[in-house]
Amino acid sequence: MLKIENLHARVEGREILKGLSLTVNAGEVHAIMGPNGAGKSTLGNVLSGREGYEVTAGSVTYNGIDLLALEPEARAAAGVFLAFQYPVEIPGVNNTYFLRAAFNAQRKARGEKELDSMHFLKLVREKLKVMQISDELLHRAVNEGFSGGEKKRNEIFQMAVLEPQLAILDETDSGLDIDALKQVAQGVNALRSPERAFLMITHYQRLLDYVVPDFVHVLADGRIVESGDKSLALKLEEHGYVGIGEGAPA
Amino acid sequence: MSQSAPLPLVESLLDAPLPGSGIAWLDTARLENREAFASAGLPDTRVEAWKYTALRALGQRSFANGDDQAQTRVVDAASLILPGVDGPRLVFVNGVFRADLSMLDSLPAGLTLQPLSQALHGDTEPLRFALSRHYRETGDAFARINAANAHDGVVLRVAANAKITAPVQLVFVGAAAEAALAWHARNVIELAEGAELTLIEQHVASGEQAHLATLVSDIELHQGARLHHTLLQNAAIGASLVRRSSLRLHARARATLHVLELGGALVRHDLQAELLGDGAQLDTRGVFMPHGRQHIDTQLAIRHQALNTTSSSNWRGVANDRARGVFRGAIVVAPGADGSDASLSNKNLLLSPSAEIDTKPELEIYADEVKAAHGATVGQLDERSLFYLRSRGIPQAEARALLTTAFCRAVLDDLPDETLREHLSTLLIAHLPM
């Protein structure tokens with residue numbers, strides 16, 4: 001589904017990704033771990049098309065197409081979803097209105113029929129039930145005044161409604177207490193399917209106790225330096241990032 | 001302004017015959033204002049109130065004074081109707097009262113609503129205070145033009161303690177004509193003690209034209225009176241529109257204004273309020289949204305002159321393309337207006353690198369125990385918000401429109417009438433580049 005080859009990317013003139021390669025197949029859950037400054041968030045931002053990230057070499061192929069050539073909205077319509085590390089507050093834009101605009105924009109881009117507000121609301125209520133989120137969240141402005149945990153749950157809720165093929169979770173676990181972490185993990189697990197792949201970017205392995213990955217990769221200094229199964233995460237938990245892979249920083 | 005070469009605008013306006021009235025004080029007022037305008041002409045940008053609005057180009061144009069075919073101009077009646085609003089209505093086409101488009105049957109008890117041209121045939125004494133004003137500053141040029149030339153407008157009165165529930169609509173239509181016209185409307189609105197009124201004022205276009213229109217409204221709110229005034233300005237894109245609204249609020253009177261400025265080539269609105277009685281309260285909310293080469297200038301001047309008076313002003317500007325927005329908010333808390341509370345906020349959004357907004361909040365306080373706050377910002381759409389929306393699949397143009405609308409709606413959301421609020425949103429969205 002996703003094939004990243006020798007990806008090099010710069011931010012503000014500084015090279016952050018230095019030859020990253022990774023293949024993700026449908027149905028797989030990959031965890032990308034690494035120390036601060038390794039390039040984890042840069043990877044998520046490059047894949048979702050944020051401005052200010054300059055790809056200088058390498059390629060990203062998604063379902064056979066060049067993902068990097070697409071505008072952010074076209075990537076979304078193609079099924080790529082980024083759960084933000086810091087979801088943005090948008091005063092004045094109602095959460096339900098926003099979500100329906102996104103949902104229908106994606107359908108329109110794919111040549112599918114748009115949903116009217118009644119049918120959309122029905123869909124949203126079903127998803128709320130699965131995600132165990134109160135519908136009070138629907139009536140508020142996007143993320144405005146939400147707690148850290150509510151923002152992250154809102155990201156997962158959006159993912160549930162938009163049903164992406166490739167979900168990138170950028171440090172979704174950061175800043176969450178254990179109850180909120182469990183709720184987020186439960187939401188992610190409910191969305192796991194043979195057609196959908198996850199790329200979970202995280203600093204800590206505790207999320208992986210609740211969302212068990214098929215593969216764990218260590219990202220250090222802009223490259224994947226070691227890959228393994230979930231036992232690699234436990235090893236990192238015990239020994240830290242020191243001594244992992246070749247050329248990893250201390 | 002040099003007197004050696006009279007401007008075409010000045011000449012064309014003063015050539016026209018005055019509508020003869022035979023009312024001595026009115027003739028005197030007209031003549032005085034006419035002479036004041038003839039001698040002083042238009043203000044230049046050295047006059048503080050006109051610093052950002054240059055009138056050179058306008059001064060070089062000439063206009064036919066008034067429209068003698070206004071009665072027969074075809075106007076799409078549907079364009080005058082607001083959703084959910086079905087009350088008394090007074091309609092003017094190019095400044096001329098149109099009975100056929102108005103609705104004046106079975107007015108509610110306590111409401112007097114008639115065109116000025118008719119009111120001048122009756123007892124004119126109640127109009128004398130407003131219509132005999134003499135404008136003293138060069139910056140008042142358009143009020144002088146209006147006072148000298150207006151022969152129609154609105155006379156609206158609400159009797160003491162009458163609560164008029166259905167909104168009253170005033171509609172000013174600029175209709176296409178053979179040449180560019182100048183037309184002028186003079187409005188006198190008075191709410192007696194304890195009266196309540198909801199007023200919707202619309203400026204709309206019927207066809208493309210480049211008319212010059214001036215409107216002067218004197219609004220007097222007596223003790224405890226309550227006015228909700230919504231103003232939708234959607235004039236033709238080529239029109240010049242200069243308005244002055246002067247409000248006088250007596251003790252415990254309360255006025256709430258919602259203003260939406262969308263149309264016009266050169267638009268100027270002077271909104272002047274005097275809080276004359278203890279406990280008077282004024283709330284103004286407004287959005288101005290020039291695009292293309294539009295120039296929209298709002299000058300807010302509020303004077304707190306009595307104890308415990310309150311004013312809050314919340315305005316947003318959005319400029320696109322090569323458009324220009326101007327906002328000046330001047331609040332004076334006069335000596336003796338102790339315990340007053342004044343707040344003013346003007347936030348602006350530039351959607352294009354060639355757009356410009358000049359904003360100037362001014363606060364002068366001469367009283368004690370006053371609460372006052374003011375602020376102004378000019379910025380761009382938040383890139384992080386834009387990316388957030390796009391990353392969810394919302395195309396860039398739609399995402400920009402969504403954020404811009406949200407920015408504007410923030411000041412219109414306290415409009416109590418939901419249908420009207422939605423209509424304003426619809427107009428906003430229609431005005432956005434997509």
# chains A, B, ... in the order shown; residues from 1 in each chain; ligands from 1

call {"tool": "closest_atom_pairs", "arguments": {"of": "stretch 354-388 of chain B", "to": "stretch 51-57 of chain A", "cutoff": "10 Å", "atoms": "only C-alpha atoms", "output": "Markdown table"}}
result
| residue | atom | partner | partner_atom | distance |
| --- | --- | --- | --- | --- |
| B:Glu383 | CA | A:Glu51 | CA | 9.0 |
| B:Arg384 | CA | A:Glu51 | CA | 9.6 |
| B:Phe387 | CA | A:Glu51 | CA | 8.2 |

call {"tool": "write_last_selection", "arguments": {"atoms": "C-alpha atoms", "output": "PDB file, in the first residue's frame"}}
result
ATOM      1  CA  GLU B 383      -1.850  28.410   8.066  1.00  0.00           C
ATOM      2  CA  ARG B 384      -2.130  25.673  10.682  1.00  0.00           C
ATOM      3  CA  PHE B 387      -3.663  22.736   6.696  1.00  0.00           C
TER       4      PHE B 387
END

call {"tool": "select_by_dssp", "arguments": {"residues": "stretch 81-161 of chain A", "states": "alpha helix (DSSP H)", "output": "PyMOL selection string"}}
result
chain A and resi 95-109+117-131+148-161

call {"tool": "atom_distance", "arguments": {"atom1": "atom CA of B:Thr309", "atom2": "atom CA of B:His250"}}
result
10.1 Å

call {"tool": "closest_atom_pairs", "arguments": {"of": "chain A", "to": "chain B", "cutoff": "6 Å", "atoms": "only C-alpha atoms", "output": "tab-separated table"}}
result
residue	atom	partner	partner_atom	distance
A:Pro72	CA	B:Ser391	CA	5.2
A:Glu73	CA	B:Gly393	CA	4.0
A:Ala76	CA	B:Gly393	CA	4.8
A:Ala77	CA	B:Gly393	CA	5.6
A:Gly92	CA	B:Ala406	CA	4.6
A:Val93	CA	B:Ala406	CA	5.8
A:Ala102	CA	B:Ile394	CA	5.1
A:Ala105	CA	B:Ile394	CA	5.6
A:Gln106	CA	B:Gly393	CA	5.4

call {"tool": "write_last_selection", "arguments": {"atoms": "N, CA and C atoms", "output": "JSON list (two decimals), in the first residue's frame"}}
result
[["chain", "number", "residue", "atom", "x", "y", "z"],
["A", 72, "PRO", "N", -2.60, 18.25, -0.19],
["A", 72, "PRO", "CA", -3.06, 17.59, 1.04],
["A", 72, "PRO", "C", -4.49, 17.04, 0.93],
["A", 73, "GLU", "N", -5.40, 17.85, 0.32],
["A", 73, "GLU", "CA", -6.79, 17.41, 0.24],
["A", 73, "GLU", "C", -6.96, 16.19, -0.67],
["A", 76, "ALA", "N", -5.95, 13.16, 1.26],
["A", 76, "ALA", "CA", -7.04, 12.75, 2.15],
["A", 76, "ALA", "C", -8.09, 11.98, 1.37],
["A", 77, "ALA", "N", -8.44, 12.51, 0.19],
["A", 77, "ALA", "CA", -9.47, 11.84, -0.62],
["A", 77, "ALA", "C", -8.99, 10.47, -1.08],
["A", 92, "GLY", "N", -15.51, 28.99, 15.83],
["A", 92, "GLY", "CA", -16.51, 29.41, 14.85],
["A", 92, "GLY", "C", -16.87, 28.35, 13.83],
["A", 93, "VAL", "N", -16.11, 27.25, 13.78],
["A", 93, "VAL", "CA", -16.46, 26.17, 12.86],
["A", 93, "VAL", "C", -16.96, 24.99, 13.68],
["A", 102, "ALA", "N", -15.74, 17.78, 5.28],
["A", 102, "ALA", "CA", -14.59, 16.94, 4.94],
["A", 102, "ALA", "C", -15.05, 15.63, 4.29],
["A", 105, "ALA", "N", -16.47, 16.37, 0.85],
["A", 105, "ALA", "CA", -15.41, 16.81, -0.08],
["A", 105, "ALA", "C", -14.64, 15.59, -0.58],
["A", 106, "GLN", "N", -14.37, 14.68, 0.33],
["A", 106, "GLN", "CA", -13.64, 13.46, -0.06],
["A", 106, "GLN", "C", -14.47, 12.61, -1.03]]

call {"tool": "residues_around", "arguments": {"residues": "A:Ile201", "least_positions_apart": "4", "cutoff": "8 Å", "atoms": "only C-alpha atoms", "output": "number ranges by chain"}}
result
A: 31-33, 40-41, 44, 168-172

call {"tool": "residues_around", "arguments": {"residues": "A:Ser59", "least_positions_apart": "5", "cutoff": "9 Å", "atoms": "only C-alpha atoms", "output": "list in words"}}
result
Lys3, Ile4, Glu5, Asn6, Leu7, His8, Asp66, Leu67 and Leu68 of chain A

call {"tool": "atom_distance", "arguments": {"atom1": "atom CA of B:Leu101", "atom2": "atom CA of B:Ser206"}}
result
13.4 Å

call {"tool": "closest_residue", "arguments": {"among": "A:Arg10, A:Leu181, A:Lys108, A:Asn94", "to": "A:Val46", "atoms": "only C-alpha atoms"}}
result
A:Arg10

call {"tool": "select_by_dssp", "arguments": {"residues": "stretch 5-184 of chain A", "states": "strand (DSSP E)", "output": "PyMOL selection string"}}
result
chain A and resi 5-11+14-24+29-33+53-62+65-66+80-83+90-94+141-142+166-170

call {"tool": "residues_around", "arguments": {"residues": "stretch 223-235 of chain B", "least_positions_apart": "5", "cutoff": "6 Å", "atoms": "only C-alpha atoms", "output": "list in words"}}
result
Glu193, Gly194, Ala195, Glu196, Leu197, Thr198, Leu199, Ile200, Glu201, Gln202, His203, Val204, Ala205, His250, Ala251, Arg252, Ala253, Arg254, Ala255, Thr256, Leu257, His258, Val259, Leu260, Glu261, Leu262, Gly263 and Gly264 of chain B

call {"tool": "write_last_selection", "arguments": {"atoms": "C-alpha atoms", "output": "tab-separated table (two decimals), in the first residue's frame"}}
result
chain	number	residue	atom	x	y	z
B	193	GLU	CA	-40.05	56.51	26.05
B	194	GLY	CA	-40.08	52.76	26.53
B	195	ALA	CA	-40.74	52.05	22.84
B	196	GLU	CA	-39.24	49.01	21.15
B	197	LEU	CA	-38.44	48.46	17.49
B	198	THR	CA	-36.59	46.05	15.26
B	199	LEU	CA	-35.37	47.75	12.12
B	200	ILE	CA	-33.82	46.16	9.05
B	201	GLU	CA	-32.18	48.53	6.63
B	202	GLN	CA	-31.11	47.21	3.24
B	203	HIS	CA	-29.10	48.76	0.46
B	204	VAL	CA	-29.51	46.70	-2.68
B	205	ALA	CA	-28.77	46.94	-6.38
B	250	HIS	CA	-31.30	59.08	26.44
B	251	ALA	CA	-31.42	57.50	29.88
B	252	ARG	CA	-31.45	53.70	29.86
B	253	ALA	CA	-32.09	53.63	26.13
B	254	ARG	CA	-30.47	50.73	24.40
B	255	ALA	CA	-29.44	50.28	20.77
B	256	THR	CA	-27.96	47.17	19.18
B	257	LEU	CA	-26.59	47.44	15.65
B	258	HIS	CA	-25.46	44.69	13.32
B	259	VAL	CA	-23.85	45.94	10.14
B	260	LEU	CA	-22.79	43.99	7.08
B	261	GLU	CA	-20.92	45.96	4.42
B	262	LEU	CA	-20.47	44.01	1.19
B	263	GLY	CA	-21.19	46.09	-1.91
B	264	GLY	CA	-20.21	49.40	-3.48

call {"tool": "closest_residue", "arguments": {"among": "B:Ala64, B:Val74, B:Ala49, B:Val171", "to": "B:Ser102", "atoms": "only C-alpha atoms"}}
result
B:Val171

call {"tool": "residues_around", "arguments": {"residues": "A:Phe120", "least_positions_apart": "5", "cutoff": "9 Å", "atoms": "only C-alpha atoms", "output": "compact mmCIF listing (two decimals) with C-alpha atoms, in the first residue's frame"}}
result
# COMPACT_ATOMS: atom_id res chain seq x y z
CA ARG A 100 -19.50 16.67 7.02
CA PHE A 103 -16.56 13.74 4.43
CA LEU A 115 -24.50 12.48 2.06
CA ARG A 125 -24.06 8.69 15.84

call {"tool": "residues_around", "arguments": {"residues": "B:Leu344", "least_positions_apart": "3", "cutoff": "7 Å", "atoms": "only C-alpha atoms", "output": "PyMOL selection string"}}
result
chain B and resi 312-314+373-375

call {"tool": "write_last_selection", "arguments": {"atoms": "N, CA and C atoms", "output": "PDB file, in the first residue's frame"}}
result
ATOM      1  N   SER B 312     -20.232  48.720  23.590  1.00  0.00           N
ATOM      2  CA  SER B 312     -19.319  47.670  23.154  1.00  0.00           C
ATOM      3  C   SER B 312     -19.360  47.621  21.641  1.00  0.00           C
ATOM      4  N   SER B 313     -18.203  47.546  21.036  1.00  0.00           N
ATOM      5  CA  SER B 313     -18.112  47.565  19.584  1.00  0.00           C
ATOM      6  C   SER B 313     -17.182  46.451  19.148  1.00  0.00           C
ATOM      7  N   ASN B 314     -17.687  45.624  18.268  1.00  0.00           N
ATOM      8  CA  ASN B 314     -16.913  44.475  17.829  1.00  0.00           C
ATOM      9  C   ASN B 314     -17.018  44.383  16.312  1.00  0.00           C
ATOM     10  N   ALA B 373     -11.537  49.232  27.199  1.00  0.00           N
ATOM     11  CA  ALA B 373     -10.597  48.320  26.551  1.00  0.00           C
ATOM     12  C   ALA B 373     -10.707  48.526  25.056  1.00  0.00           C
ATOM     13  N   HIS B 374      -9.585  48.549  24.382  1.00  0.00           N
ATOM     14  CA  HIS B 374      -9.676  48.602  22.931  1.00  0.00           C
ATOM     15  C   HIS B 374      -8.489  47.886  22.304  1.00  0.00           C
ATOM     16  N   GLY B 375      -8.735  47.350  21.118  1.00  0.00           N
ATOM     17  CA  GLY B 375      -7.662  46.648  20.437  1.00  0.00           C
ATOM     18  C   GLY B 375      -7.980  46.472  18.972  1.00  0.00           C
TER      19      GLY B 375
END

call {"tool": "closest_atom_pairs", "arguments": {"of": "stretch 148-184 of chain A", "to": "stretch 22-29 of chain A", "cutoff": "10 Å", "atoms": "only C-alpha atoms", "output": "CSV"}}
result
residue,atom,partner,partner_atom,distance
A:Gln165,CA,A:Ala26,CA,7.9
A:Leu166,CA,A:Ala26,CA,8.2
A:Ala167,CA,A:Val29,CA,9.5

call {"tool": "decode", "arguments": {"residues": "stretch 125-174 of chain B", "atoms": "N, CA and C atoms", "output": "PDB file, in the first residue's frame"}}
result
ATOM      1  N   GLU B 125     -43.190  70.341  12.457  1.00  0.00           N
ATOM      2  CA  GLU B 125     -42.478  70.775  13.652  1.00  0.00           C
ATOM      3  C   GLU B 125     -41.647  69.645  14.282  1.00  0.00           C
ATOM      4  N   PRO B 126     -42.183  68.411  14.364  1.00  0.00           N
ATOM      5  CA  PRO B 126     -41.370  67.334  14.958  1.00  0.00           C
ATOM      6  C   PRO B 126     -40.101  67.023  14.152  1.00  0.00           C
ATOM      7  N   LEU B 127     -40.066  67.443  12.890  1.00  0.00           N
ATOM      8  CA  LEU B 127     -38.905  67.139  12.043  1.00  0.00           C
ATOM      9  C   LEU B 127     -37.853  68.240  12.112  1.00  0.00           C
ATOM     10  N   ARG B 128     -38.266  69.351  12.725  1.00  0.00           N
ATOM     11  CA  ARG B 128     -37.457  70.553  12.637  1.00  0.00           C
ATOM     12  C   ARG B 128     -36.058  70.359  13.231  1.00  0.00           C
ATOM     13  N   PHE B 129     -35.997  69.693  14.396  1.00  0.00           N
ATOM     14  CA  PHE B 129     -34.715  69.518  15.071  1.00  0.00           C
ATOM     15  C   PHE B 129     -33.713  68.793  14.160  1.00  0.00           C
ATOM     16  N   ALA B 130     -34.170  67.684  13.570  1.00  0.00           N
ATOM     17  CA  ALA B 130     -33.259  66.888  12.741  1.00  0.00           C
ATOM     18  C   ALA B 130     -32.944  67.577  11.418  1.00  0.00           C
ATOM     19  N   LEU B 131     -33.950  68.165  10.803  1.00  0.00           N
ATOM     20  CA  LEU B 131     -33.766  68.670   9.432  1.00  0.00           C
ATOM     21  C   LEU B 131     -33.174  70.074   9.358  1.00  0.00           C
ATOM     22  N   SER B 132     -33.064  70.734  10.495  1.00  0.00           N
ATOM     23  CA  SER B 132     -32.477  72.074  10.409  1.00  0.00           C
ATOM     24  C   SER B 132     -31.028  72.074  10.880  1.00  0.00           C
ATOM     25  N   ARG B 133     -30.460  70.911  10.942  1.00  0.00           N
ATOM     26  CA  ARG B 133     -29.053  70.852  11.366  1.00  0.00           C
ATOM     27  C   ARG B 133     -28.143  71.539  10.359  1.00  0.00           C
ATOM     28  N   HIS B 134     -27.150  72.167  10.917  1.00  0.00           N
ATOM     29  CA  HIS B 134     -26.144  72.800  10.073  1.00  0.00           C
ATOM     30  C   HIS B 134     -24.823  72.072  10.321  1.00  0.00           C
ATOM     31  N   TYR B 135     -24.188  71.630   9.262  1.00  0.00           N
ATOM     32  CA  TYR B 135     -22.961  70.847   9.417  1.00  0.00           C
ATOM     33  C   TYR B 135     -21.751  71.764   9.290  1.00  0.00           C
ATOM     34  N   ARG B 136     -20.897  71.723  10.316  1.00  0.00           N
ATOM     35  CA  ARG B 136     -19.887  72.774  10.460  1.00  0.00           C
ATOM     36  C   ARG B 136     -18.511  72.418   9.914  1.00  0.00           C
ATOM     37  N   GLU B 137     -18.249  71.154   9.701  1.00  0.00           N
ATOM     38  CA  GLU B 137     -16.890  70.760   9.322  1.00  0.00           C
ATOM     39  C   GLU B 137     -16.807  70.484   7.823  1.00  0.00           C
ATOM     40  N   THR B 138     -15.620  70.742   7.261  1.00  0.00           N
ATOM     41  CA  THR B 138     -15.386  70.377   5.862  1.00  0.00           C
ATOM     42  C   THR B 138     -15.596  68.876   5.670  1.00  0.00           C
ATOM     43  N   GLY B 139     -15.229  68.106   6.708  1.00  0.00           N
ATOM     44  CA  GLY B 139     -15.407  66.653   6.661  1.00  0.00           C
ATOM     45  C   GLY B 139     -16.862  66.234   6.551  1.00  0.00           C
ATOM     46  N   ASP B 140     -17.786  67.183   6.820  1.00  0.00           N
ATOM     47  CA  ASP B 140     -19.221  66.885   6.743  1.00  0.00           C
ATOM     48  C   ASP B 140     -19.794  67.114   5.347  1.00  0.00           C
ATOM     49  N   ALA B 141     -18.922  67.195   4.334  1.00  0.00           N
ATOM     50  CA  ALA B 141     -19.363  67.574   2.990  1.00  0.00           C
ATOM     51  C   ALA B 141     -20.596  66.803   2.514  1.00  0.00           C
ATOM     52  N   PHE B 142     -20.613  65.495   2.754  1.00  0.00           N
ATOM     53  CA  PHE B 142     -21.725  64.705   2.218  1.00  0.00           C
ATOM     54  C   PHE B 142     -23.017  64.931   2.997  1.00  0.00           C
ATOM     55  N   ALA B 143     -22.881  65.228   4.287  1.00  0.00           N
ATOM     56  CA  ALA B 143     -24.072  65.576   5.066  1.00  0.00           C
ATOM     57  C   ALA B 143     -24.640  66.899   4.559  1.00  0.00           C
ATOM     58  N   ARG B 144     -23.753  67.809   4.169  1.00  0.00           N
ATOM     59  CA  ARG B 144     -24.204  69.082   3.597  1.00  0.00           C
ATOM     60  C   ARG B 144     -24.925  68.857   2.264  1.00  0.00           C
ATOM     61  N   ILE B 145     -24.294  68.016   1.415  1.00  0.00           N
ATOM     62  CA  ILE B 145     -24.936  67.698   0.123  1.00  0.00           C
ATOM     63  C   ILE B 145     -26.320  67.126   0.384  1.00  0.00           C
ATOM     64  N   ASN B 146     -26.364  66.215   1.353  1.00  0.00           N
ATOM     65  CA  ASN B 146     -27.619  65.545   1.650  1.00  0.00           C
ATOM     66  C   ASN B 146     -28.657  66.545   2.153  1.00  0.00           C
ATOM     67  N   ALA B 147     -28.250  67.379   3.098  1.00  0.00           N
ATOM     68  CA  ALA B 147     -29.198  68.337   3.671  1.00  0.00           C
ATOM     69  C   ALA B 147     -29.716  69.305   2.610  1.00  0.00           C
ATOM     70  N   ALA B 148     -28.853  69.641   1.651  1.00  0.00           N
ATOM     71  CA  ALA B 148     -29.252  70.601   0.623  1.00  0.00           C
ATOM     72  C   ALA B 148     -30.135  69.979  -0.449  1.00  0.00           C
ATOM     73  N   ASN B 149     -29.995  68.681  -0.665  1.00  0.00           N
ATOM     74  CA  ASN B 149     -30.625  68.071  -1.839  1.00  0.00           C
ATOM     75  C   ASN B 149     -31.689  67.009  -1.576  1.00  0.00           C
ATOM     76  N   ALA B 150     -31.692  66.436  -0.376  1.00  0.00           N
ATOM     77  CA  ALA B 150     -32.635  65.334  -0.151  1.00  0.00           C
ATOM     78  C   ALA B 150     -34.060  65.857  -0.150  1.00  0.00           C
ATOM     79  N   HIS B 151     -34.925  65.230  -0.939  1.00  0.00           N
ATOM     80  CA  HIS B 151     -36.323  65.608  -0.828  1.00  0.00           C
ATOM     81  C   HIS B 151     -37.191  64.405  -0.474  1.00  0.00           C
ATOM     82  N   ASP B 152     -36.506  63.309  -0.100  1.00  0.00           N
ATOM     83  CA  ASP B 152     -37.297  62.183   0.408  1.00  0.00           C
ATOM     84  C   ASP B 152     -36.458  61.384   1.400  1.00  0.00           C
ATOM     85  N   GLY B 153     -37.097  60.406   2.003  1.00  0.00           N
ATOM     86  CA  GLY B 153     -36.438  59.617   3.034  1.00  0.00           C
ATOM     87  C   GLY B 153     -37.499  58.992   3.920  1.00  0.00           C
ATOM     88  N   VAL B 154     -37.088  58.606   5.093  1.00  0.00           N
ATOM     89  CA  VAL B 154     -37.981  57.865   5.986  1.00  0.00           C
ATOM     90  C   VAL B 154     -38.327  58.718   7.194  1.00  0.00           C
ATOM     91  N   VAL B 155     -39.597  58.742   7.535  1.00  0.00           N
ATOM     92  CA  VAL B 155     -39.983  59.280   8.840  1.00  0.00           C
ATOM     93  C   VAL B 155     -40.625  58.135   9.613  1.00  0.00           C
ATOM     94  N   LEU B 156     -39.986  57.769  10.712  1.00  0.00           N
ATOM     95  CA  LEU B 156     -40.448  56.618  11.487  1.00  0.00           C
ATOM     96  C   LEU B 156     -40.531  57.032  12.947  1.00  0.00           C
ATOM     97  N   ARG B 157     -41.704  56.809  13.539  1.00  0.00           N
ATOM     98  CA  ARG B 157     -41.852  57.117  14.969  1.00  0.00           C
ATOM     99  C   ARG B 157     -42.550  55.972  15.668  1.00  0.00           C
ATOM    100  N   VAL B 158     -42.076  55.686  16.871  1.00  0.00           N
ATOM    101  CA  VAL B 158     -42.778  54.698  17.689  1.00  0.00           C
ATOM    102  C   VAL B 158     -43.238  55.423  18.951  1.00  0.00           C
ATOM    103  N   ALA B 159     -44.528  55.258  19.248  1.00  0.00           N
ATOM    104  CA  ALA B 159     -45.128  55.963  20.390  1.00  0.00           C
ATOM    105  C   ALA B 159     -44.628  55.378  21.707  1.00  0.00           C
ATOM    106  N   ALA B 160     -44.786  56.147  22.767  1.00  0.00           N
ATOM    107  CA  ALA B 160     -44.313  55.730  24.087  1.00  0.00           C
ATOM    108  C   ALA B 160     -44.844  54.343  24.447  1.00  0.00           C
ATOM    109  N   ASN B 161     -43.921  53.501  24.914  1.00  0.00           N
ATOM    110  CA  ASN B 161     -44.216  52.154  25.402  1.00  0.00           C
ATOM    111  C   ASN B 161     -44.800  51.197  24.360  1.00  0.00           C
ATOM    112  N   ALA B 162     -44.847  51.618  23.102  1.00  0.00           N
ATOM    113  CA  ALA B 162     -45.319  50.699  22.063  1.00  0.00           C
ATOM    114  C   ALA B 162     -44.190  49.731  21.724  1.00  0.00           C
ATOM    115  N   LYS B 163     -44.532  48.451  21.701  1.00  0.00           N
ATOM    116  CA  LYS B 163     -43.528  47.449  21.348  1.00  0.00           C
ATOM    117  C   LYS B 163     -43.897  46.861  19.990  1.00  0.00           C
ATOM    118  N   ILE B 164     -43.132  47.252  18.986  1.00  0.00           N
ATOM    119  CA  ILE B 164     -43.426  46.812  17.617  1.00  0.00           C
ATOM    120  C   ILE B 164     -42.696  45.494  17.401  1.00  0.00           C
ATOM    121  N   THR B 165     -43.470  44.411  17.285  1.00  0.00           N
ATOM    122  CA  THR B 165     -42.817  43.097  17.238  1.00  0.00           C
ATOM    123  C   THR B 165     -42.316  42.751  15.840  1.00  0.00           C
ATOM    124  N   ALA B 166     -43.132  43.004  14.809  1.00  0.00           N
ATOM    125  CA  ALA B 166     -42.678  42.669  13.452  1.00  0.00           C
ATOM    126  C   ALA B 166     -41.584  43.655  13.038  1.00  0.00           C
ATOM    127  N   PRO B 167     -40.499  43.157  12.448  1.00  0.00           N
ATOM    128  CA  PRO B 167     -39.442  44.075  12.030  1.00  0.00           C
ATOM    129  C   PRO B 167     -39.917  45.020  10.929  1.00  0.00           C
ATOM    130  N   VAL B 168     -39.478  46.254  11.012  1.00  0.00           N
ATOM    131  CA  VAL B 168     -39.783  47.236   9.975  1.00  0.00           C
ATOM    132  C   VAL B 168     -38.597  47.277   9.015  1.00  0.00           C
ATOM    133  N   GLN B 169     -38.930  47.192   7.706  1.00  0.00           N
ATOM    134  CA  GLN B 169     -37.852  47.180   6.712  1.00  0.00           C
ATOM    135  C   GLN B 169     -37.764  48.494   5.957  1.00  0.00           C
ATOM    136  N   LEU B 170     -36.554  48.984   5.833  1.00  0.00           N
ATOM    137  CA  LEU B 170     -36.292  50.137   4.981  1.00  0.00           C
ATOM    138  C   LEU B 170     -35.387  49.645   3.857  1.00  0.00           C
ATOM    139  N   VAL B 171     -35.840  49.823   2.630  1.00  0.00           N
ATOM    140  CA  VAL B 171     -35.048  49.309   1.513  1.00  0.00           C
ATOM    141  C   VAL B 171     -34.688  50.445   0.563  1.00  0.00           C
ATOM    142  N   PHE B 172     -33.398  50.586   0.308  1.00  0.00           N
ATOM    143  CA  PHE B 172     -32.920  51.601  -0.624  1.00  0.00           C
ATOM    144  C   PHE B 172     -32.325  50.882  -1.824  1.00  0.00           C
ATOM    145  N   VAL B 173     -32.978  51.062  -2.966  1.00  0.00           N
ATOM    146  CA  VAL B 173     -32.545  50.369  -4.173  1.00  0.00           C
ATOM    147  C   VAL B 173     -31.813  51.356  -5.074  1.00  0.00           C
ATOM    148  N   GLY B 174     -30.634  50.975  -5.502  1.00  0.00           N
ATOM    149  CA  GLY B 174     -29.953  51.729  -6.546  1.00  0.00           C
ATOM    150  C   GLY B 174     -30.259  51.029  -7.859  1.00  0.00           C
TER     151      GLY B 174
END
